[in-house]
Every structure is written in structure tokens, then in C-alpha cells.
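*Asks:* start-v8.cif (mmCIF, C-alpha atoms) pasted underneath:
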```
data_work
#
loop_
_atom_site.label_atom_id
_atom_site.label_comp_id
_atom_site.auth_asym_id
_atom_site.auth_seq_id
_atom_site.Cartn_x
_atom_site.Cartn_y
_atom_site.Cartn_z
CA MET A 10 236.54 12.72 169.65
CA PHE A 11 232.91 13.31 170.58
CA VAL A 12 230.55 11.08 168.66
CA ILE A 13 226.76 11.12 168.79
CA VAL A 14 225.25 7.78 167.82
CA VAL A 15 221.56 7.94 167.00
CA GLY A 16 219.75 4.63 167.25
CA GLY A 17 220.21 2.16 170.05
CA GLY A 18 219.61 -1.05 168.13
CA LYS A 19 222.28 -3.69 167.78
CA VAL A 20 224.40 -1.52 165.46
CA GLY A 21 224.19 1.58 167.64
CA TYR A 22 224.80 -0.35 170.83
CA PHE A 23 227.92 -2.12 169.61
CA LEU A 24 229.18 1.00 167.85
CA ALA A 25 228.86 3.02 171.05
CA ARG A 26 230.52 0.29 173.08
CA GLU A 27 233.47 0.01 170.69
CA LEU A 28 233.91 3.79 170.56
CA ILE A 29 233.91 4.04 174.36
CA GLY A 30 236.42 1.20 174.46
CA SER A 31 238.66 3.21 172.12
CA GLY A 32 238.53 6.18 174.49
CA HIS A 33 236.04 8.38 172.62
CA GLU A 34 233.31 10.42 174.24
CA VAL A 35 229.97 9.01 173.13
CA ALA A 36 226.35 10.07 173.52
CA LEU A 37 223.78 7.57 172.32
CA MET A 38 220.24 8.64 171.46
CA GLU A 39 217.46 6.08 171.67
CA ARG A 40 213.82 7.10 171.68
CA ASP A 41 212.52 3.87 173.19
CA ARG A 42 212.76 4.42 176.94
CA LEU A 43 212.91 0.75 177.82
CA ARG A 44 215.72 0.09 175.37
CA ALA A 45 217.49 3.28 176.53
CA SER A 46 217.36 2.08 180.10
CA GLN A 47 218.70 -1.37 179.12
CA ILE A 48 221.66 0.24 177.39
CA THR A 49 222.28 2.51 180.37
CA GLU A 50 222.40 -0.56 182.60
CA GLU A 51 224.92 -2.17 180.32
CA ILE A 52 227.27 0.63 179.29
CA GLY A 53 226.58 3.49 181.67
CA SER A 54 225.00 6.89 181.60
CA ILE A 55 225.67 7.83 178.00
CA VAL A 56 222.12 7.41 176.78
CA ILE A 57 219.71 10.22 175.98
CA ALA A 58 216.22 8.75 175.86
CA HIS A 59 214.86 11.02 173.16
CA ASP A 60 214.25 11.03 169.43
CA GLY A 61 217.35 12.16 167.53
CA CYS A 62 215.14 13.27 164.64
CA GLU A 63 214.08 16.27 166.70
CA GLY A 64 216.47 19.18 166.59
CA LYS A 65 215.80 20.13 170.19
CA TYR A 66 216.96 16.76 171.45
CA LEU A 67 219.86 16.52 169.04
CA GLY A 68 220.95 19.86 170.49
CA GLN A 69 220.59 18.54 174.03
CA ALA A 70 222.81 15.63 173.06
CA GLY A 71 225.60 18.13 172.32
CA ALA A 72 225.40 18.27 168.51
CA ASN A 73 226.86 21.79 168.70
CA ARG A 74 230.22 20.32 169.71
CA ALA A 75 230.05 16.85 168.11
CA ASP A 76 232.83 15.78 165.78
CA ILE A 77 230.72 13.04 164.23
CA VAL A 78 227.04 12.18 164.13
CA ALA A 79 226.32 8.59 163.13
CA ALA A 80 222.68 7.87 162.31
CA VAL A 81 222.25 4.12 162.50
CA THR A 82 218.54 3.61 163.08
CA GLY A 83 216.68 1.02 161.04
CA ASP A 84 214.83 3.74 159.19
CA ASP A 85 216.45 5.43 156.19
CA GLU A 86 214.20 8.48 156.37
CA ASP A 87 215.13 9.08 160.00
CA ASN A 88 218.82 8.64 159.28
CA LEU A 89 218.62 11.17 156.48
CA VAL A 90 216.81 13.73 158.61
CA ILE A 91 219.28 13.28 161.48
CA CYS A 92 222.32 13.73 159.23
CA GLN A 93 220.88 16.74 157.45
CA MET A 94 219.98 18.43 160.71
CA ALA A 95 223.39 17.66 162.17
CA LYS A 96 225.13 18.99 159.09
CA HIS A 97 223.12 22.08 158.33
CA HIS A 98 221.77 23.13 161.70
CA PHE A 99 224.62 22.19 164.02
CA ASP A 100 227.56 22.30 161.57
CA VAL A 101 228.75 18.84 162.54
CA PRO A 102 231.95 18.24 160.54
CA ARG A 103 231.18 14.61 159.66
CA THR A 104 227.92 12.76 159.29
CA ILE A 105 227.61 9.04 158.74
CA ALA A 106 224.36 7.31 157.84
CA ARG A 107 223.29 3.72 157.71
CA VAL A 108 221.35 3.14 154.51
CA ASN A 109 219.17 0.07 154.53
CA ASN A 110 217.74 0.37 151.04
CA PRO A 111 220.59 0.61 148.49
CA LYS A 112 218.31 2.65 146.23
CA ASN A 113 218.53 5.49 148.74
CA GLU A 114 222.32 5.73 148.58
CA SER A 115 222.48 8.36 145.85
CA LEU A 116 219.77 10.43 147.54
CA PHE A 117 221.77 10.49 150.77
CA LYS A 118 224.85 11.56 148.84
CA HIS A 119 223.05 14.31 146.99
CA LEU A 120 221.58 15.64 150.22
CA GLY A 121 224.96 16.09 151.81
CA VAL A 122 225.53 13.07 154.04
CA ASP A 123 229.31 12.70 154.26
CA GLU A 124 229.49 8.93 154.47
CA ILE A 125 226.99 6.21 153.85
CA VAL A 126 227.18 2.64 155.00
CA SER A 127 224.92 0.12 153.36
CA PRO A 128 224.81 -3.25 155.13
CA THR A 129 222.56 -4.56 152.37
CA ARG A 130 225.11 -3.76 149.71
CA MET A 131 227.92 -5.21 151.79
CA ILE A 132 226.10 -8.49 152.25
CA LEU A 133 225.14 -8.50 148.59
CA GLY A 134 228.78 -8.03 147.65
CA SER A 135 229.78 -10.85 149.93
CA ILE A 136 227.19 -13.20 148.46
CA GLU A 137 228.17 -12.27 144.92
CA ALA A 138 231.81 -12.96 145.73
CA ASP A 139 230.99 -16.52 146.73
CA ILE A 140 228.79 -17.33 143.75
CA PRO A 141 230.39 -17.89 140.33
CA VAL A 142 228.13 -15.48 138.47
CA HIS A 143 229.51 -13.63 135.51
CA GLU A 144 228.72 -10.16 136.68
CA LEU A 145 230.66 -7.28 138.08
CA LEU A 146 231.02 -7.85 141.79
CA HIS A 147 230.90 -4.85 144.09
CA LEU A 148 233.76 -5.15 146.51
CA ALA A 149 233.50 -1.76 148.18
CA VAL A 150 232.10 1.71 147.82
CA LEU A 151 234.75 4.42 147.89
CA GLY A 152 234.93 8.18 147.79
CA GLY A 153 231.69 8.54 149.68
CA GLY A 154 229.67 6.53 147.17
CA GLU A 155 230.91 7.98 143.89
CA LEU A 156 233.43 5.25 143.20
CA GLU A 157 233.19 1.50 143.36
CA LEU A 158 235.80 -1.17 143.69
CA ILE A 159 234.72 -4.00 141.40
CA GLU A 160 235.78 -7.48 140.38
CA ALA A 161 235.07 -9.20 137.07
CA GLN A 162 235.99 -12.78 136.22
CA LEU A 163 236.78 -13.29 132.55
CA ARG A 164 235.26 -16.19 130.68
CA ALA A 165 236.41 -17.77 127.43
CA GLY A 166 234.04 -15.60 125.43
CA SER A 167 234.50 -12.37 127.33
CA PRO A 168 235.54 -9.46 125.06
CA ALA A 169 238.54 -8.66 127.25
CA THR A 170 239.90 -12.21 127.24
CA GLY A 171 243.07 -12.43 125.17
CA GLN A 172 243.47 -8.67 124.95
CA LEU A 173 246.28 -6.56 126.33
CA ALA A 174 245.20 -4.42 129.25
CA GLY A 175 246.46 -1.29 127.49
CA ALA A 176 244.20 -2.01 124.51
CA LEU A 177 240.99 -1.82 126.52
CA GLU A 178 239.09 1.40 125.98
CA LEU A 179 237.89 1.95 129.48
CA PRO A 180 235.40 4.68 130.29
CA ASP A 181 236.80 7.93 131.60
CA GLY A 182 237.45 7.74 135.33
CA CYS A 183 237.76 3.94 135.39
CA SER A 184 240.87 1.84 135.65
CA ILE A 185 241.89 -1.73 136.28
CA PHE A 186 244.89 -2.19 138.49
CA ALA A 187 245.18 -5.81 139.57
CA ILE A 188 244.52 -9.34 138.41
CA ILE A 189 244.02 -12.37 140.55
CA ARG A 190 245.37 -15.29 138.54
CA GLU A 191 245.75 -18.77 140.07
CA GLU A 192 245.38 -17.35 143.58
CA ARG A 193 248.11 -14.78 143.01
CA ALA A 194 247.71 -11.05 142.76
CA LEU A 195 249.44 -9.41 139.79
CA SER A 196 249.65 -5.74 139.01
CA VAL A 197 248.29 -4.71 135.63
CA ARG A 198 250.56 -3.10 133.03
CA SER A 199 249.60 -2.00 129.56
CA ASP A 200 251.26 -5.13 128.09
CA THR A 201 249.57 -7.54 130.50
CA GLU A 202 247.56 -10.10 128.55
CA LEU A 203 244.19 -10.83 130.08
CA ARG A 204 243.31 -14.52 130.23
CA GLU A 205 240.28 -16.68 130.78
CA GLY A 206 239.69 -17.15 134.52
CA ASP A 207 241.45 -13.93 135.48
CA LYS A 208 239.71 -11.90 138.12
CA ILE A 209 240.11 -8.28 137.15
CA ILE A 210 240.07 -5.76 140.00
CA GLY A 211 239.19 -2.27 138.99
CA ILE A 212 237.87 1.01 140.23
CA GLY A 213 235.39 3.24 138.51
CA ARG A 214 232.62 5.74 138.78
CA THR A 215 229.31 4.14 139.74
CA GLU A 216 227.54 5.34 136.61
CA CYS A 217 230.16 3.66 134.37
CA GLU A 218 229.35 0.22 135.72
CA GLY A 219 227.31 -0.80 132.68
CA GLU A 220 229.94 0.28 130.17
CA LEU A 221 232.71 -1.38 132.14
CA HIS A 222 230.66 -4.55 132.23
CA LYS A 223 230.26 -4.44 128.46
CA ILE A 224 233.99 -3.99 127.83
CA LEU A 225 235.14 -6.68 130.22
CA LEU A 226 232.36 -9.27 130.20
CA GLY A 227 230.26 -8.51 127.17
CA GLU A 228 226.85 -7.20 126.20
CA ASP A 229 224.76 -10.27 127.06
CA ALA A 230 225.62 -10.35 130.67
CA ALA A 231 225.08 -6.62 130.94
CA ASN A 232 221.33 -7.06 130.79
CA PHE A 233 221.23 -6.40 134.51
CA GLU A 234 220.82 -2.74 133.66
CA MET B 27 234.20 5.18 222.92
CA ARG B 28 232.61 2.88 220.41
CA GLU B 29 229.19 1.59 221.16
CA ALA B 30 228.92 -2.20 221.36
CA ASN B 31 227.79 -3.81 218.08
CA ALA B 32 228.19 -0.52 216.19
CA PRO B 33 229.39 -1.15 212.64
CA VAL B 34 233.00 -0.22 211.96
CA PHE B 35 233.88 1.72 208.84
CA ARG B 36 237.22 2.91 207.51
CA ARG B 37 236.07 5.45 204.97
CA ALA B 38 232.66 7.03 204.48
CA VAL B 39 231.69 8.98 201.39
CA ILE B 40 228.85 11.43 201.84
CA ALA B 41 226.96 12.81 198.87
CA LEU B 42 226.41 16.54 199.34
CA SER B 43 223.55 17.94 197.30
CA GLY B 44 223.37 21.45 198.74
CA GLY B 45 219.96 20.86 200.29
CA SER B 46 218.96 21.03 203.93
CA ILE B 47 219.46 17.27 204.25
CA ASP B 48 223.24 17.87 203.98
CA ASN B 49 223.32 19.00 207.63
CA THR B 50 221.82 15.69 208.72
CA ILE B 51 224.14 13.47 206.73
CA VAL B 52 227.23 15.42 207.76
CA ARG B 53 226.26 15.05 211.42
CA LEU B 54 225.58 11.35 210.86
CA ALA B 55 228.99 10.90 209.21
CA LEU B 56 230.63 12.72 212.12
CA GLU B 57 228.91 10.37 214.53
CA VAL B 58 230.09 7.34 212.56
CA SER B 59 233.58 8.81 212.46
CA ARG B 60 233.54 9.43 216.21
CA GLN B 61 232.63 5.82 216.84
CA SER B 62 234.84 4.05 214.31
CA HIS B 63 237.50 6.71 213.52
CA CYS B 64 236.69 6.51 209.85
CA GLU B 65 237.69 9.10 207.26
CA ILE B 66 234.94 11.27 205.82
CA VAL B 67 234.93 12.25 202.16
CA GLY B 68 232.33 14.82 201.13
CA VAL B 69 231.48 14.63 197.43
CA HIS B 70 229.49 17.17 195.51
CA VAL B 71 228.65 16.44 191.89
CA VAL B 72 228.07 19.15 189.33
CA GLU B 73 225.94 17.59 186.63
CA LEU B 74 226.87 18.76 183.13
CA ASP B 75 224.58 18.42 180.16
CA TRP B 76 225.88 17.07 176.88
CA THR B 77 226.32 20.48 175.33
CA GLN B 78 229.47 20.88 177.42
CA PRO B 79 232.50 18.61 177.59
CA LEU B 80 233.17 17.02 180.95
CA ASP B 81 236.32 19.05 181.41
CA ALA B 82 234.54 22.33 180.69
CA ASP B 83 235.32 25.22 182.97
CA VAL B 84 232.04 25.71 184.78
CA ALA B 85 233.29 28.41 187.08
CA GLU B 86 229.92 29.93 187.85
CA ARG B 87 228.43 26.65 188.85
CA SER B 88 231.58 25.71 190.69
CA GLU B 89 231.16 28.76 192.94
CA GLU B 90 227.79 27.40 193.93
CA ALA B 91 229.41 24.00 194.36
CA GLN B 92 232.10 25.54 196.54
CA ARG B 93 229.37 27.03 198.73
CA VAL B 94 227.93 23.51 199.20
CA LEU B 95 231.32 22.14 200.21
CA ASP B 96 232.09 25.14 202.44
CA ALA B 97 228.83 24.70 204.33
CA ALA B 98 229.61 21.03 204.99
CA GLU B 99 233.20 21.84 205.98
CA GLY B 100 231.89 24.48 208.38
CA LEU B 101 229.79 21.88 210.17
CA VAL B 102 232.68 19.44 210.33
CA GLU B 103 235.07 22.07 211.71
CA ALA B 104 232.56 23.15 214.33
CA ALA B 105 232.43 19.55 215.51
CA HIS B 106 236.28 19.37 215.48
CA GLY B 107 236.14 16.68 212.82
CA ARG B 108 237.93 16.26 209.51
CA MET B 109 236.55 15.86 206.04
CA GLU B 110 238.10 15.72 202.60
CA SER B 111 236.02 17.69 200.10
CA VAL B 112 235.74 16.55 196.51
CA LEU B 113 234.11 18.31 193.59
CA VAL B 114 233.22 16.16 190.60
CA GLN B 115 231.83 17.10 187.18
CA ALA B 116 229.78 14.32 185.65
CA ARG B 117 226.83 13.50 183.42
CA ASP B 118 224.96 11.59 186.08
CA VAL B 119 225.02 12.22 189.82
CA GLY B 120 224.27 8.67 190.93
CA ALA B 121 226.94 7.07 188.76
CA ALA B 122 229.50 9.71 189.74
CA ILE B 123 228.94 9.20 193.48
CA VAL B 124 229.13 5.44 193.21
CA ASP B 125 232.26 5.67 191.06
CA GLU B 126 233.86 8.02 193.58
CA ALA B 127 233.00 5.72 196.48
CA ALA B 128 234.40 2.73 194.61
CA ALA B 129 237.54 4.58 193.51
CA ARG B 130 238.22 5.63 197.10
CA ASN B 131 237.55 2.16 198.42
CA ALA B 132 234.89 3.52 200.74
CA ASP B 133 232.99 1.04 202.86
CA LEU B 134 230.08 3.36 203.54
CA LEU B 135 228.14 5.68 201.28
CA ILE B 136 225.65 8.08 202.85
CA LEU B 137 223.07 9.87 200.73
CA GLY B 138 220.38 12.33 201.64
CA LEU B 139 216.95 12.12 200.09
CA PRO B 140 214.60 15.09 200.15
CA TYR B 141 210.93 14.19 200.53
CA ARG B 142 209.48 15.17 197.19
CA THR B 143 206.30 14.22 195.45
CA ARG B 144 205.38 14.13 191.80
CA PHE B 145 202.33 15.84 190.38
CA GLY B 146 199.53 13.67 191.73
CA GLY B 147 201.17 13.08 195.08
CA ASP B 148 203.32 9.99 194.46
CA PHE B 149 206.64 9.94 196.24
CA ALA B 150 209.57 10.76 193.92
CA ILE B 151 212.75 8.94 194.83
CA GLY B 152 214.78 10.38 191.96
CA ARG B 153 217.51 8.52 190.10
CA ALA B 154 220.64 8.80 192.24
CA VAL B 155 219.45 6.85 195.28
CA PRO B 156 218.11 3.82 193.38
CA TYR B 157 221.29 3.80 191.31
CA ALA B 158 223.48 3.85 194.41
CA LEU B 159 221.40 1.18 196.16
CA LYS B 160 221.72 -1.04 193.14
CA ASN B 161 225.33 -0.42 192.15
CA ALA B 162 227.44 0.74 195.09
CA PRO B 163 229.87 -1.96 196.21
CA CYS B 164 229.85 -0.69 199.80
CA ALA B 165 227.15 -0.25 202.44
CA VAL B 166 224.65 2.47 201.54
CA TRP B 167 222.74 4.52 204.07
CA VAL B 168 219.94 6.72 202.81
CA VAL B 169 218.61 9.45 205.06
CA ARG B 170 215.21 10.71 203.99
CA GLU B 171 213.88 14.06 205.10
CA PRO B 172 210.70 13.98 207.15
CA MET B 173 207.48 14.49 205.20
CA GLY B 174 206.23 18.00 204.89
CA GLU B 175 209.63 19.64 204.50
CA GLU B 176 209.33 19.98 200.78
CA PRO B 177 209.84 23.60 199.76
CA GLN B 178 206.55 25.20 198.78
#
```
Give the structure from this file in C-alpha cells form.
*Replies:*
Amino acid sequence: MFVIVVGGGKVGYFLARELIGSGHEVALMERDRLRASQITEEIGSIVIAHDGCEGKYLGQAGANRADIVAAVTGDDEDNLVICQMAKHHFDVPRTIARVNNPKNESLFKHLGVDEIVSPTRMILGSIEADIPVHELLHLAVLGGGELELIEAQLRAGSPATGQLAGALELPDGCSIFAIIREERALSVRSDTELREGDKIIGIGRTECEGELHKILLGEDAANFE
Amino acid sequence: MREANAPVFRRAVIALSGGSIDNTIVRLALEVSRQSHCEIVGVHVVELDWTQPLDADVAERSEEAQRVLDAAEGLVEAAHGRMESVLVQARDVGAAIVDEAAARNADLLILGLPYRTRFGGDFAIGRAVPYALKNAPCAVWVVREPMGEEPQ
């Protein structure tokens, strides 16, 4: 596979190195000439010392035959421009963008970026998982950002505690499929009784997060909206 | 007969660029070969830009490349020597030549360097020679054209 990585920071550098190690053809674009030359010294002549935001240079990097363009600069605006140009001007089959500000995720999706990766959201999810807050935890973003894998820990007063899973009126497009109870994973059936302390694992559309929160954990804690 | 104190090499790779300096480095390699009976490998690199895959069929450019190799082979034959010709497609000439020399376990790499100047008059050494000097595992000889031979 031929992959163009735009952005020669830490992410771009290690991404390119791993891809080369896996036998892929990689071109890395880095506009800073000094950094570009450092990377060339370290991983060979795969670096194009130009700005990937400019169509001319993206073309020179071989975007016309690229299977994937991954825009991983530290600038969301640049990453968006790169992916849009790759997609619409060079017909690149798959574009991947690093999104630093989680608020930009939906914009990237709407503007046609195939996959978005948000390190901020990942770290946030990881922090949330380690802190006993009574919120919905975001475990992963699926389906290109439209779906989220979530976790909710039931408390004594949570509306779902004591109910049968089948009795919950979940929003359309959402489902719960597993429970972690006393360090064991159980699958959820309609007659499964939900108990205090259960960690409910579910999947749902991003916009249903608030409603799901209300049904599982209650109104009070849903003030995050 | 080998001259006293002349270095002994087993395999010399020469980088053929297609320029007039090729004549000089071929003759030099023949002289080295005469003295130390080393093999000569003539390498010409066709540099491909990123718009083409490395295994692309670049027939038109390869004809030009073949002309470069043929010219070098002609010189070698006229001197009753032997040379293996190699055509390589790569992204970067310097890296490709060094890789080829390393892969063939060469103990001498000979490169030609045309005398060129940048706008303003500064000498331009290019990228391949510095790369080879820095990275080639074997001995590197660089033959620079005399000043004033730059094409007008």
C-alpha cells in the first residue's frame, strides 16, 4: 500500500517508521526543512520537504496513486485541508486525519474525511476510565465518528439499577450488550437484571448520549449537556 | 604489474551519470582494475518522482539509461576490460548508489562530480556525493571535473 503521511512531528515520524517496517511504501511530507532533513537521516529518502497543504506538492508526493493520505500535523485546519484536497482533487480512496480539538470532529466528518483520530478524546477516555465519576465513559469512537462505545457504572440510585435489561427503553440506534460485574464480563439478555456496581457496556449514536445517560444514570448526572 | 603501495580492491562500483565525467571515472576504474584485478560494476540510477511507483515501467527513460551504460561499456571493451552494468530505479541517486555498493560488498565507490555553480557563483556539490561520502561503508573516490567545463 502507498501511504502519504503529512506532518513530520512525533506522530508522523513514528507512523512512517512503523508503516515502512510493515513493508508499505511511504512518502512523508514535512514543510520544515531542518526537521525533514533529520527524518531523512534517520529513516531514509522518503521525505518531501514541502507543505502538504499545497496541492502542487501533494501531487508531487504521488497523491494521484496514494491508497491512503494521513494528515497528522498539529494543526486541525491544515489536516482538514489536506484530507479534503486528497479526497476531492486526487481521489484518494481513504483519508485519515488527526483531530486535536474534539469540537472539530463533527466538522471533519461532515466535510468528508474518512477517518478521524482524536488523541485528546482518547486520553480523556482513558482518564475517565480511571476515575470513579458517574458519567458515561467514552471507550471508543466507531463507524467513523457516528457511533460511540460507552461505559456506565450503575449506582444505587441509578434509574436502571434493579431493572431488567429488556425493560429499558433505549433510544433508537443504541444498545447495551455487555456487563462487567465483579471483574467478569457477562452478555446482556432481555431478562438480565441490572445491579448496583454493574458496568454497562453499550453502543449508540453520538447524539443519543444525553438520553442514554438519563436512562442509565439519571437526570442529575446528565447536566454535563 | 601492480605498482608498489597501490591500494588493492576486489570490487569497484562506479556511478554513471551520463555526463562527460563518466569517461574519466571509467578509465580510472579500468586503471584500478588493471592494477588490482578488481571487478568493475557500473551503476546508473534512474531517479523516479513520487508520482510513479518504483517498479513503474519507465521505458523511455530506460532507453536513455541504456545509452549511458552502452557508452561506458564501449569504453571498457575498447580497453579490453570487463564491467557489469546495472540499472537501478530509485527515489534518490545517492542512497541508491550507496545501497548498491553495500549490497555488492564493494570496497571502492567511484563517483564523478561535474563542476557546477549556483546562481551567485557558489560551488554546487549536489546531494549524491555528500551522501556517499557520509554513508558509504567502503572507500569513496570522487573525481571532480576541472573548472570551466560547465555547459553554457
*Asks:* Quick one: apply the PyMOL selection byres ((chain B and resi 56-66) around 9) to the file and drop the selected residues here as a tab-separated table (two decimals) with C-alpha atoms, in the frame of the given file.
*Replies:*
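Result saved to expr_2.tsv:
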```
chain	number	residue	atom	x	y	z
B	27	MET	CA	234.20	5.18	222.92
B	28	ARG	CA	232.61	2.88	220.41
B	29	GLU	CA	229.19	1.59	221.16
B	32	ALA	CA	228.19	-0.52	216.19
B	33	PRO	CA	229.39	-1.15	212.64
B	34	VAL	CA	233.00	-0.22	211.96
B	35	PHE	CA	233.88	1.72	208.84
B	36	ARG	CA	237.22	2.91	207.51
B	37	ARG	CA	236.07	5.45	204.97
B	38	ALA	CA	232.66	7.03	204.48
B	39	VAL	CA	231.69	8.98	201.39
B	40	ILE	CA	228.85	11.43	201.84
B	51	ILE	CA	224.14	13.47	206.73
B	52	VAL	CA	227.23	15.42	207.76
B	53	ARG	CA	226.26	15.05	211.42
B	54	LEU	CA	225.58	11.35	210.86
B	55	ALA	CA	228.99	10.90	209.21
B	67	VAL	CA	234.93	12.25	202.16
B	68	GLY	CA	232.33	14.82	201.13
B	102	VAL	CA	232.68	19.44	210.33
B	105	ALA	CA	232.43	19.55	215.51
B	107	GLY	CA	236.14	16.68	212.82
B	108	ARG	CA	237.93	16.26	209.51
B	109	MET	CA	236.55	15.86	206.04
B	110	GLU	CA	238.10	15.72	202.60
B	111	SER	CA	236.02	17.69	200.10
```
*Asks:* Apply the PyMOL selection byres ((chain B and resi 70) around 6) to the displayed file and report the matching residues as a PyMOL selection string.
*Replies:* chain B and resi 42+69+71+113
*Asks:* Enumerate as a compact mmCIF listing (two decimals) with C-alpha atoms, in the frame of the given file the residues belonging to chain B that approach chain A to within 7 Å, with all atoms listed in the file taken into account.
*Replies:*
```
# COMPACT_ATOMS: atom_id res chain seq x y z
CA TRP B 76 225.88 17.07 176.88
CA THR B 77 226.32 20.48 175.33
CA GLN B 78 229.47 20.88 177.42
CA ASP B 118 224.96 11.59 186.08
```
*Asks:* In Å, how far is it from atom CA of Ile132 of chain A to atom CA of Ala161 of chain A?
*Replies:* 17.6 Å
*Asks:* Enter the distance from atom CA of Leu146 of chain A to atom CA of Ser184 of chain A, in Å, rounded to one decimal.
*Replies:*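 A separation of 15.1 Å between them.
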*Asks:* Between atom CA of Asp41 of chain A and atom CA of Val124 of chain B, measure the distance and give it in Å to one decimal.
*Replies:*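 Taking atom CA of Asp41 of chain A as the start and atom CA of Val124 of chain B as the end point, the length is 26.1 Å.
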*Asks:* Any chance you could work out the residue set of the PyMOL selection byres ((chain A and resi 198) around 9) here, as number ranges by chain?
*Replies:* A: 173-175, 186-187, 196-197, 199-202
*Asks:* Nearest to Val169 of chain B among B:Ala82, B:Gln92, B:Glu126, B:Ile151, with distances taken over all atoms listed in the file: which residue is it?
*Replies:*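 Closest candidate: B:Ile151.
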*Asks:* Write out as a compact mmCIF listing (two decimals) with C-alpha atoms, in the coordinates of the input which residues come within 9 Å of Asp60 of chain A when counting all atoms listed in the file, dropping same-chain ones fewer than 3 positions away.
*Replies:*
```txt
# COMPACT_ATOMS: atom_id res chain seq x y z
CA VAL A 15 221.56 7.94 167.00
CA GLY A 16 219.75 4.63 167.25
CA MET A 38 220.24 8.64 171.46
CA GLU A 39 217.46 6.08 171.67
CA ARG A 40 213.82 7.10 171.68
CA ASP A 41 212.52 3.87 173.19
CA ILE A 57 219.71 10.22 175.98
CA GLU A 63 214.08 16.27 166.70
CA GLY A 64 216.47 19.18 166.59
CA TYR A 66 216.96 16.76 171.45
CA LEU A 67 219.86 16.52 169.04
```
*Asks:* Mind working out the centre and edge lengths of an axis-aligned box for segment 165-171 of chain A, all listed atoms inside, 5 Å added to each side, rounded to one decimal in Å and written as JSON?
*Replies:*
```
{"center_x": 238.6, "center_y": -13.2, "center_z": 126.2, "size_x": 19.0, "size_y": 19.1, "size_z": 12.4}
```
*Asks:* Can you work out which one of A:Ala45, A:Leu145, A:Ala194, A:Ile159 has the shortest atom-to-atom distance to Gly21 of chain A, counting all atoms listed in the file?
*Replies:*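 Ranked by minimum distance to Gly21 of chain A, first place goes to A:Ala45.
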*Asks:* So which residues touch Arg190 of chain A within 9 Å, counting only C-alpha atoms, skipping near sequence neighbours fewer than 6 positions away, as a PyMOL selection string?
*Replies:* chain A and resi 204+206-209
*Asks:* Segment 215-222 of chain A: which residues within 6 Å, counting only C-alpha atoms, same-chain residues fewer than 6 positions away excluded, as an NGL selection string?
*Replies:* :A and (155-157)
*Asks:* Which residues, written as a PyMOL selection string, have at least one atom at most 10 Å from Ile77 of chain A, with all atoms listed in the file counted and residues fewer than 3 positions away on the same chain left out?
*Replies:* chain A and resi 10-14+35+72+74+80+92+95-96+101-105
*Asks:* Skip Gly174 of chain B itself and residues of its chain fewer than 4 positions away, then list as a CSV table (one decimal) with C-alpha atoms, in the frame of the given file all residues within 12 Å of it, counting all atoms listed in the file.
*Replies:*
```
chain,number,residue,atom,x,y,z
B,140,PRO,CA,214.6,15.1,200.2
B,141,TYR,CA,210.9,14.2,200.5
B,142,ARG,CA,209.5,15.2,197.2
B,143,THR,CA,206.3,14.2,195.4
B,149,PHE,CA,206.6,9.9,196.2
B,170,ARG,CA,215.2,10.7,204.0
B,178,GLN,CA,206.6,25.2,198.8
```
